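Engineer: For reference, this is upload-v3.txt, and it has compact mmCIF, C-alpha atoms.
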```
# COMPACT_ATOMS: atom_id res chain seq x y z
CA MET A 18 132.78 103.38 109.73
CA LYS A 19 130.20 106.16 110.04
CA HIS A 20 130.80 107.22 106.41
CA PHE A 21 130.53 103.61 105.33
CA ASN A 22 127.16 103.25 107.11
CA HIS A 23 125.90 106.43 105.42
CA LEU A 24 127.09 105.14 102.05
CA VAL A 25 125.34 101.77 102.52
CA THR A 26 122.11 103.41 103.73
CA GLY A 27 122.18 105.82 100.77
CA LEU A 28 122.79 102.97 98.34
CA PHE A 29 119.95 100.91 99.85
CA ILE A 30 117.52 103.85 99.52
CA LEU A 31 118.64 104.54 95.93
CA THR A 32 118.40 100.84 94.98
CA GLY A 33 114.97 100.57 96.62
CA LEU A 34 113.66 103.56 94.65
CA LEU A 35 115.12 102.24 91.40
CA MET A 36 113.59 98.81 92.14
CA LEU A 37 110.17 100.41 92.55
CA GLY A 38 110.74 102.16 89.21
CA ALA A 39 111.79 98.84 87.65
CA ILE A 40 108.60 97.13 88.89
CA VAL A 41 106.41 99.94 87.50
CA LEU A 42 108.23 99.87 84.16
CA ALA A 43 108.20 96.07 83.88
CA LEU A 44 104.56 95.60 84.87
CA GLY A 45 103.00 98.78 83.53
CA ILE A 46 105.03 100.54 80.86
CA ALA A 47 106.73 97.74 78.89
CA PRO A 48 104.58 96.70 75.90
CA ASP A 49 103.49 93.14 75.16
CA PRO A 50 105.64 91.39 72.53
CA VAL A 51 103.58 91.08 69.34
CA ASN A 52 104.34 87.41 68.67
CA LEU A 53 103.06 86.02 71.98
CA ALA A 54 99.51 84.80 71.38
CA THR A 55 97.90 84.00 74.74
CA PRO A 56 97.45 86.39 77.69
CA THR A 57 99.10 83.80 79.98
CA GLU A 58 102.26 83.87 77.83
CA ARG A 59 102.22 87.66 77.69
CA PHE A 60 101.90 87.99 81.47
CA ALA A 61 104.62 85.38 82.04
CA GLN A 62 106.93 87.21 79.62
CA ARG A 63 107.15 90.06 82.15
CA ILE A 64 109.16 87.72 84.38
CA PHE A 65 111.93 88.36 81.81
CA TYR A 66 112.66 91.83 83.30
CA PHE A 67 113.74 90.26 86.60
CA HIS A 68 114.78 86.78 85.45
CA VAL A 69 117.58 87.88 83.11
CA PRO A 70 119.00 90.60 85.46
CA ASN A 71 119.17 87.94 88.20
CA TRP A 72 121.31 85.75 85.97
CA TRP A 73 123.38 88.75 84.90
CA VAL A 74 124.16 89.56 88.55
CA GLY A 75 125.01 85.90 89.15
CA PHE A 76 127.46 85.85 86.24
CA LEU A 77 128.97 89.18 87.28
CA ALA A 78 129.39 87.91 90.84
CA TYR A 79 131.13 84.75 89.63
CA LEU A 80 133.43 86.81 87.40
CA VAL A 81 134.37 89.04 90.34
CA ALA A 82 135.00 85.92 92.46
CA ALA A 83 137.21 84.36 89.75
CA ILE A 84 139.26 87.59 89.46
CA ALA A 85 139.51 87.74 93.26
CA GLY A 86 140.67 84.10 93.18
CA VAL A 87 143.47 84.94 90.75
CA LEU A 88 144.48 87.99 92.81
CA TYR A 89 144.50 85.89 96.01
CA LEU A 90 146.77 83.27 94.43
CA ILE A 91 149.16 86.03 93.31
CA SER A 92 149.16 88.15 96.47
CA ARG A 93 147.96 85.75 99.25
CA ARG A 94 146.09 88.65 100.82
CA GLU A 95 143.02 87.46 102.75
CA GLN A 96 141.00 90.49 101.53
CA TRP A 97 140.73 88.82 98.11
CA ASP A 98 139.40 85.68 99.74
CA ALA A 99 136.76 87.82 101.45
CA VAL A 100 135.81 89.36 98.09
CA GLY A 101 135.58 85.89 96.54
CA VAL A 102 133.31 84.29 99.13
CA SER A 103 131.12 87.40 99.43
CA SER A 104 130.64 87.60 95.68
CA ILE A 105 129.87 83.89 95.27
CA GLU A 106 127.31 83.94 98.07
CA ILE A 107 125.49 86.86 96.42
CA GLY A 108 125.78 85.23 93.00
CA LEU A 109 124.33 82.00 94.34
CA ALA A 110 121.37 83.81 95.91
CA PHE A 111 120.61 85.55 92.62
CA ASN A 112 121.09 82.37 90.59
CA THR A 113 118.67 80.55 92.89
CA ILE A 114 116.11 83.27 92.12
CA GLY A 115 116.99 82.97 88.41
CA LEU A 116 116.45 79.21 88.42
CA ILE A 117 113.12 79.41 90.28
CA SER A 118 111.76 82.36 88.27
CA GLY A 119 112.83 80.62 85.05
CA SER A 120 111.03 77.48 86.12
CA ILE A 121 107.86 79.49 86.85
CA TRP A 122 108.14 81.16 83.43
CA ALA A 123 108.67 77.77 81.75
CA LYS A 124 105.40 76.30 83.01
CA PRO A 125 102.98 78.50 80.98
CA THR A 126 105.40 78.80 78.04
CA TRP A 127 106.78 75.26 77.64
CA ASN A 128 104.09 73.46 79.68
CA THR A 129 106.71 72.04 82.03
CA TRP A 130 108.50 73.30 85.14
CA TRP A 131 111.85 71.83 84.09
CA THR A 132 113.43 70.13 81.10
CA TRP A 133 116.96 68.80 80.71
CA GLU A 134 117.88 70.96 77.73
CA PRO A 135 121.41 72.49 77.35
CA ARG A 136 120.81 75.90 79.01
CA LEU A 137 118.95 74.54 82.03
CA THR A 138 121.33 71.62 82.45
CA THR A 139 124.49 73.78 82.35
CA ALA A 140 122.80 76.30 84.68
CA ALA A 141 121.95 73.54 87.16
CA ILE A 142 125.54 72.24 87.00
CA GLY A 143 126.84 75.77 87.65
CA TRP A 144 124.51 76.24 90.60
CA LEU A 145 125.61 72.92 92.11
CA MET A 146 129.29 73.81 91.62
CA TYR A 147 128.90 77.05 93.56
CA VAL A 148 126.97 75.25 96.32
CA GLY A 149 129.98 72.90 96.32
CA TYR A 150 132.26 75.92 96.73
CA LEU A 151 130.49 76.92 99.96
CA MET A 152 130.54 73.29 101.19
CA LEU A 153 134.27 73.08 100.45
CA ARG A 154 134.91 76.24 102.46
CA SER A 155 132.98 74.97 105.45
CA ALA A 156 134.91 71.67 105.36
CA ILE A 157 138.42 73.21 105.64
CA GLU A 158 139.54 74.46 109.06
CA ASN A 159 142.84 76.13 108.18
CA SER A 160 142.08 79.62 106.83
CA GLN A 161 145.03 79.86 104.39
CA ARG A 162 144.41 76.40 102.98
CA ARG A 163 140.68 77.19 102.71
CA ALA A 164 141.38 80.44 100.86
CA ARG A 165 143.82 78.72 98.46
CA PHE A 166 141.42 75.87 97.62
CA ALA A 167 138.49 78.29 97.30
CA ALA A 168 140.45 80.54 94.93
CA VAL A 169 141.29 77.62 92.62
CA PHE A 170 137.70 76.34 92.82
CA SER A 171 136.22 79.75 91.96
CA ILE A 172 138.46 80.02 88.86
CA LEU A 173 137.59 76.50 87.65
CA ALA A 174 133.85 76.91 88.39
CA PHE A 175 133.78 80.10 86.34
CA LEU A 176 134.55 78.03 83.21
CA ASP A 177 130.88 76.97 83.28
CA VAL A 178 129.60 80.56 83.00
CA PRO A 179 130.43 81.15 79.29
CA ILE A 180 129.08 77.65 78.56
CA ILE A 181 125.75 78.55 80.25
CA PHE A 182 125.58 81.77 78.23
CA LEU A 183 126.49 80.19 74.90
CA ALA A 184 124.58 76.89 75.35
CA ILE A 185 121.49 78.28 73.61
CA ARG A 186 123.61 79.49 70.71
CA TRP A 187 125.73 76.35 70.34
CA TRP A 188 123.05 73.66 70.59
CA ARG A 189 119.44 73.15 69.48
CA THR A 190 117.34 74.14 72.47
CA ILE A 191 113.83 75.08 73.58
CA HIS A 192 115.16 78.07 75.55
CA PRO A 193 114.62 81.41 73.76
CA VAL A 194 117.58 83.41 72.42
CA VAL A 195 116.33 86.95 72.93
CA ILE A 196 119.52 89.01 73.12
CA GLY A 197 121.34 89.41 69.79
CA THR A 198 118.57 87.93 67.60
CA GLU A 199 116.02 89.73 65.45
CA GLY A 200 112.86 87.82 66.24
CA GLY A 201 113.77 85.88 69.36
CA GLN A 202 114.41 82.22 68.63
CA GLY A 203 113.13 79.32 70.75
CA VAL A 204 109.76 78.62 72.35
CA GLY A 205 108.43 81.79 74.01
CA GLY A 206 111.05 83.98 72.34
CA PHE A 207 110.33 87.57 71.33
CA ALA A 208 112.01 90.56 69.68
CA LEU A 209 113.54 93.27 71.86
CA GLY A 210 111.70 96.40 70.71
CA PRO A 211 112.99 99.87 71.73
CA THR A 212 110.72 100.20 74.82
CA ILE A 213 111.33 96.62 75.92
CA GLN A 214 115.07 97.25 75.55
CA LEU A 215 114.87 100.43 77.60
CA VAL A 216 112.98 98.73 80.46
CA PHE A 217 115.29 95.73 80.29
CA PHE A 218 118.47 97.80 80.56
CA PHE A 219 116.94 99.86 83.38
CA CYS A 220 116.27 96.63 85.30
CA LEU A 221 119.79 95.38 84.48
CA GLY A 222 121.31 98.58 85.86
CA THR A 223 119.16 98.46 88.99
CA PHE A 224 120.13 94.87 89.74
CA THR A 225 123.80 95.71 89.17
CA LEU A 226 123.50 98.49 91.75
CA LEU A 227 121.80 96.03 94.13
CA TYR A 228 124.80 93.72 93.65
CA VAL A 229 127.24 96.54 94.51
CA THR A 230 125.21 97.44 97.62
CA LEU A 231 124.95 93.85 98.81
CA MET A 232 128.64 93.31 98.10
CA LEU A 233 129.58 96.18 100.43
CA VAL A 234 127.35 94.85 103.22
CA ARG A 235 128.49 91.25 102.76
CA LEU A 236 132.17 92.30 102.65
CA ARG A 237 131.75 94.08 105.98
CA VAL A 238 130.41 90.82 107.45
CA GLU A 239 133.37 88.90 106.05
CA PHE A 240 135.90 91.38 107.46
CA LEU A 241 134.12 91.20 110.83
CA SER A 242 134.33 87.41 110.64
CA GLN A 243 138.08 87.62 109.97
CA ARG A 244 138.45 89.99 112.93
CA VAL A 245 136.58 87.55 115.19
CA GLU A 246 138.94 84.79 114.03
CA ARG A 247 142.01 86.90 114.80
CA LEU A 248 140.68 87.85 118.25
CA ARG A 249 139.87 84.20 118.98
CA GLN A 250 143.42 83.20 118.04
CA HIS A 251 144.78 85.98 120.22
CA LEU A 252 142.69 84.87 123.20
CA MET A 253 143.62 81.23 122.73
CA PHE A 254 147.40 81.70 122.42
CA ARG A 255 147.99 84.74 124.64
CA MET B 125 98.85 86.22 85.76
CA ILE B 126 99.33 83.73 88.61
CA TYR B 127 102.79 82.75 87.29
CA LEU B 128 103.87 86.38 87.11
CA ILE B 129 102.75 87.02 90.70
CA ALA B 130 104.40 83.80 91.90
CA ALA B 131 107.70 84.71 90.23
CA TYR B 132 107.75 88.23 91.69
CA ILE B 133 106.92 86.90 95.16
CA VAL B 134 109.80 84.42 94.92
CA VAL B 135 112.20 87.16 93.76
CA TRP B 136 111.37 89.41 96.69
CA ILE B 137 111.12 86.75 99.40
CA ILE B 138 114.58 85.35 98.58
CA THR B 139 116.12 88.82 98.21
CA PHE B 140 114.72 90.05 101.54
CA ALA B 141 115.62 86.79 103.30
CA PHE B 142 119.19 87.05 101.97
CA VAL B 143 119.56 90.69 103.07
CA ALA B 144 118.06 89.87 106.50
CA THR B 145 120.53 86.98 106.90
CA ILE B 146 123.49 89.27 106.13
CA PHE B 147 122.38 91.84 108.71
CA TRP B 148 121.68 89.13 111.30
CA ARG B 149 125.19 87.70 110.81
CA GLN B 150 126.67 91.20 111.06
CA HIS B 151 124.85 91.78 114.37
CA GLN B 152 126.07 88.44 115.78
CA LEU B 153 129.68 89.13 114.75
CA GLN B 154 129.62 92.66 116.16
CA GLN B 155 128.47 91.23 119.50
CA GLN B 156 131.29 88.68 119.44
CA VAL B 157 133.90 91.34 118.62
CA ALA B 158 132.64 93.59 121.43
CA TRP B 159 132.70 90.69 123.92
CA MET B 160 136.21 89.57 122.98
CA GLU B 161 137.61 93.10 123.03
CA GLN B 162 136.05 93.66 126.45
CA LEU B 163 137.64 90.45 127.67
CA LEU B 164 141.07 91.53 126.43
CA GLU B 165 140.62 95.00 127.93
CA THR B 166 139.65 93.57 131.32
CA GLU B 167 142.69 91.30 131.34
CA ALA B 168 144.98 94.18 130.41
CA LYS B 169 143.61 96.33 133.28
CA ILE B 170 144.27 93.70 135.98
CA PRO B 171 148.07 93.47 136.51
CA GLY B 172 149.45 90.02 137.16
CA LEU B 173 146.34 88.25 135.89
CA ASP B 174 147.47 85.22 133.97
CA GLU B 175 146.24 81.80 132.93
CA SER B 176 147.06 80.08 136.26
CA LYS B 177 144.91 82.52 138.26
CA THR B 178 141.92 82.44 135.97
CA SER B 179 141.78 78.69 135.42
CA THR B 180 139.87 76.37 137.75
CA PRO B 181 142.22 74.82 140.34
CA SER B 182 142.79 71.12 139.90
CA ILE B 183 141.64 68.81 142.68
```
Would you encode the structure as structure tokens?
Structural biologist:
Amino acid sequence: MKHFNHLVTGLFILTGLLMLGAIVLALGIAPDPVNLATPTERFAQRIFYFHVPNWWVGFLAYLVAAIAGVLYLISRREQWDAVGVSSIEIGLAFNTIGLISGSIWAKPTWNTWWTWEPRLTTAAIGWLMYVGYLMLRSAIENSQRRARFAAVFSILAFLDVPIIFLAIRWWRTIHPVVIGTEGGQGVGGFALGPTIQLVFFFCLGTFTLLYVTLMLVRLRVEFLSQRVERLRQHLMFR
Amino acid sequence: MIYLIAAYIVVWIITFAFVATIFWRQHQLQQQVAWMEQLLETEAKIPGLDESKTSTPSI
């Protein structure tokens, strides 16, 4: 337990320092994309360095939860259920940030806070599904039944993740396609130059480390919660 | 500029709030575990203590 606390503290310090570095790089070092005309658009573009990593962490968290769901259904070990719920909760927090920061970026770029285009619509559906996951969990009393339903739900909900990612490639949309395109398609799109790429991947790495750190802390809470449940059962039926 | 500041504020407020919530829940659960374990330990120390002696007598 002592080693675990040291590890978490160390990870928090490291993540905090890297986050400070990410802020400096995103706001100070990264150059303005050449195709963005107005200063408002250029300033707003710097949201990109935190907006995309937030979505990346969300997708990663949902993938981990789906894998944990499969492993739970195979093994019926409650540790996998703990991994699943912890990961989805973190993913949902990051996706909430992604949705809000995206909406703030949309206002100066698209002149609207929200539009029902394919990427935003599939993202909103995904967000609602994972809120539904947490509601489903809170509605089921029996822990084994809850874990089984949650595992199936997390696997099915993950089907939306590739659709969210590919929506801007499959359908005509206002949302920019920045990654994997030369000039950045869509309204407010831009090319990923070498420095922009470097800053972007630094931010991506930092947010991934933040996910790992939060996952460890959140898992500890989930294991504590399971211990409380076991003690309660023991006290009730002793 | 205002949109950039607003977005960064949102990012950090939600992140800090989420982390604070996790630590608050951890603190609450640790207190519950300590209380329950103490309860079990106390019962184990007192020989012959069972449900009939601890429950309120019926009138």
Engineer: Could you tell me how far CA of Val41 (chain A) sits from CA of Val25 (chain A), in Å to one decimal place?
Structural biologist: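 Between CA of Val25 (chain A) and CA of Val41 (chain A) the gap works out to 24.2 Å.
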Engineer: With only C-alpha atoms considered, list every residue of chain A at most 6 Å from chain B, as a PDB file with C-alpha atoms, in the frame of the given file.
Structural biologist:
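Saved the output as out.pdb:
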```
ATOM      1  CA  PHE A  60     101.900  87.990  81.470  1.00  0.00           C
ATOM      2  CA  ALA A  61     104.620  85.380  82.040  1.00  0.00           C
ATOM      3  CA  ILE A 114     116.110  83.270  92.120  1.00  0.00           C
ATOM      4  CA  SER A 118     111.760  82.360  88.270  1.00  0.00           C
ATOM      5  CA  VAL A 238     130.410  90.820 107.450  1.00  0.00           C
ATOM      6  CA  VAL A 245     136.580  87.550 115.190  1.00  0.00           C
TER       7      VAL A 245
END
```
Engineer: Can you tell me which residues surround Leu42 (chain A) at a distance of at most 12 Å, considering all atoms listed in the file, apart from same-chain residues fewer than 4 positions away, and format the answer as a PDB file with C-alpha atoms, keeping the file's coordinate frame?
Structural biologist:
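File produced: out37.pdb:
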```pdb
ATOM      1  CA  LEU A  35     115.120 102.240  91.400  1.00  0.00           C
ATOM      2  CA  MET A  36     113.590  98.810  92.140  1.00  0.00           C
ATOM      3  CA  LEU A  37     110.170 100.410  92.550  1.00  0.00           C
ATOM      4  CA  GLY A  38     110.740 102.160  89.210  1.00  0.00           C
ATOM      5  CA  ILE A  46     105.030 100.540  80.860  1.00  0.00           C
ATOM      6  CA  ALA A  47     106.730  97.740  78.890  1.00  0.00           C
ATOM      7  CA  PRO A  48     104.580  96.700  75.900  1.00  0.00           C
ATOM      8  CA  ARG A  63     107.150  90.060  82.150  1.00  0.00           C
ATOM      9  CA  TYR A  66     112.660  91.830  83.300  1.00  0.00           C
ATOM     10  CA  PHE A  67     113.740  90.260  86.600  1.00  0.00           C
ATOM     11  CA  THR A 212     110.720 100.200  74.820  1.00  0.00           C
ATOM     12  CA  ILE A 213     111.330  96.620  75.920  1.00  0.00           C
ATOM     13  CA  GLN A 214     115.070  97.250  75.550  1.00  0.00           C
ATOM     14  CA  LEU A 215     114.870 100.430  77.600  1.00  0.00           C
ATOM     15  CA  VAL A 216     112.980  98.730  80.460  1.00  0.00           C
ATOM     16  CA  PHE A 217     115.290  95.730  80.290  1.00  0.00           C
ATOM     17  CA  PHE A 218     118.470  97.800  80.560  1.00  0.00           C
ATOM     18  CA  PHE A 219     116.940  99.860  83.380  1.00  0.00           C
ATOM     19  CA  CYS A 220     116.270  96.630  85.300  1.00  0.00           C
TER      20      CYS A 220
END
```
Engineer: Skip Leu226 (chain A) itself and residues of its chain fewer than 3 positions away, then list as a VMD selection string all residues within 10 Å of it, counting all atoms listed in the file.
Structural biologist: chain A and resid 28 to 29 31 to 32 35 to 36 74 220 to 223 229 to 232
Engineer: Please, what distance in Å, to one decimal, runs between CA of Phe21 (chain A) and CA of Val234 (chain A)?
Structural biologist: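 Pair CA of Phe21 (chain A) / CA of Val234 (chain A) returns 9.6 Å.
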Engineer: Taking 4 positions as the minimum chain separation for residues in the same chain, which residues sit within 8 Å of region 95-108 of chain A when counting all atoms listed in the file? Answer as a list in words.
Structural biologist: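 The filter keeps Val74, Gly75, Phe76, Leu77, Ala78, Tyr79, Val81, Ala82, Ala83, Ala85, Gly86, Leu88, Tyr89, Asn112, Tyr147, Leu151, Ala164, Ala167, Ala168, Ser171, Tyr228, Leu231, Met232, Arg235, Leu236, Glu239 and Phe240 of chain A.
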Engineer: Can you measure CA of Glu58 (chain A) to CA of Ile196 (chain A) for me? One decimal in Å is fine.
Structural biologist: 18.6 Å
Engineer: Taking the point (131.6, 70.8, 101.4) as given in the file, collect each protein or nucleic acid residue that comes within 12 Å of it, counting only C-alpha atoms, and present the set as a PyMOL selection string.
Structural biologist: chain A and resi 145-158+163+166-167+170
Engineer: Could you check which of A:Thr139, A:Ser92, A:Asn22, A:Asn159 is closest to Trp188 (chain A), using all atoms listed in the file?
Structural biologist: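 Of A:Thr139, A:Ser92, A:Asn22, A:Asn159, the one nearest Trp188 (chain A) is A:Thr139, counting all atoms listed in the file.
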Engineer: As JSON, what would the box around region 223-235 of chain A look like: edges along x, y and z, 4 Å added on every side, centre and edge lengths in Å to one decimal?
Structural biologist:
```
{"center_x": 124.4, "center_y": 94.9, "center_z": 96.1, "size_x": 18.4, "size_y": 15.2, "size_z": 22.2}
```
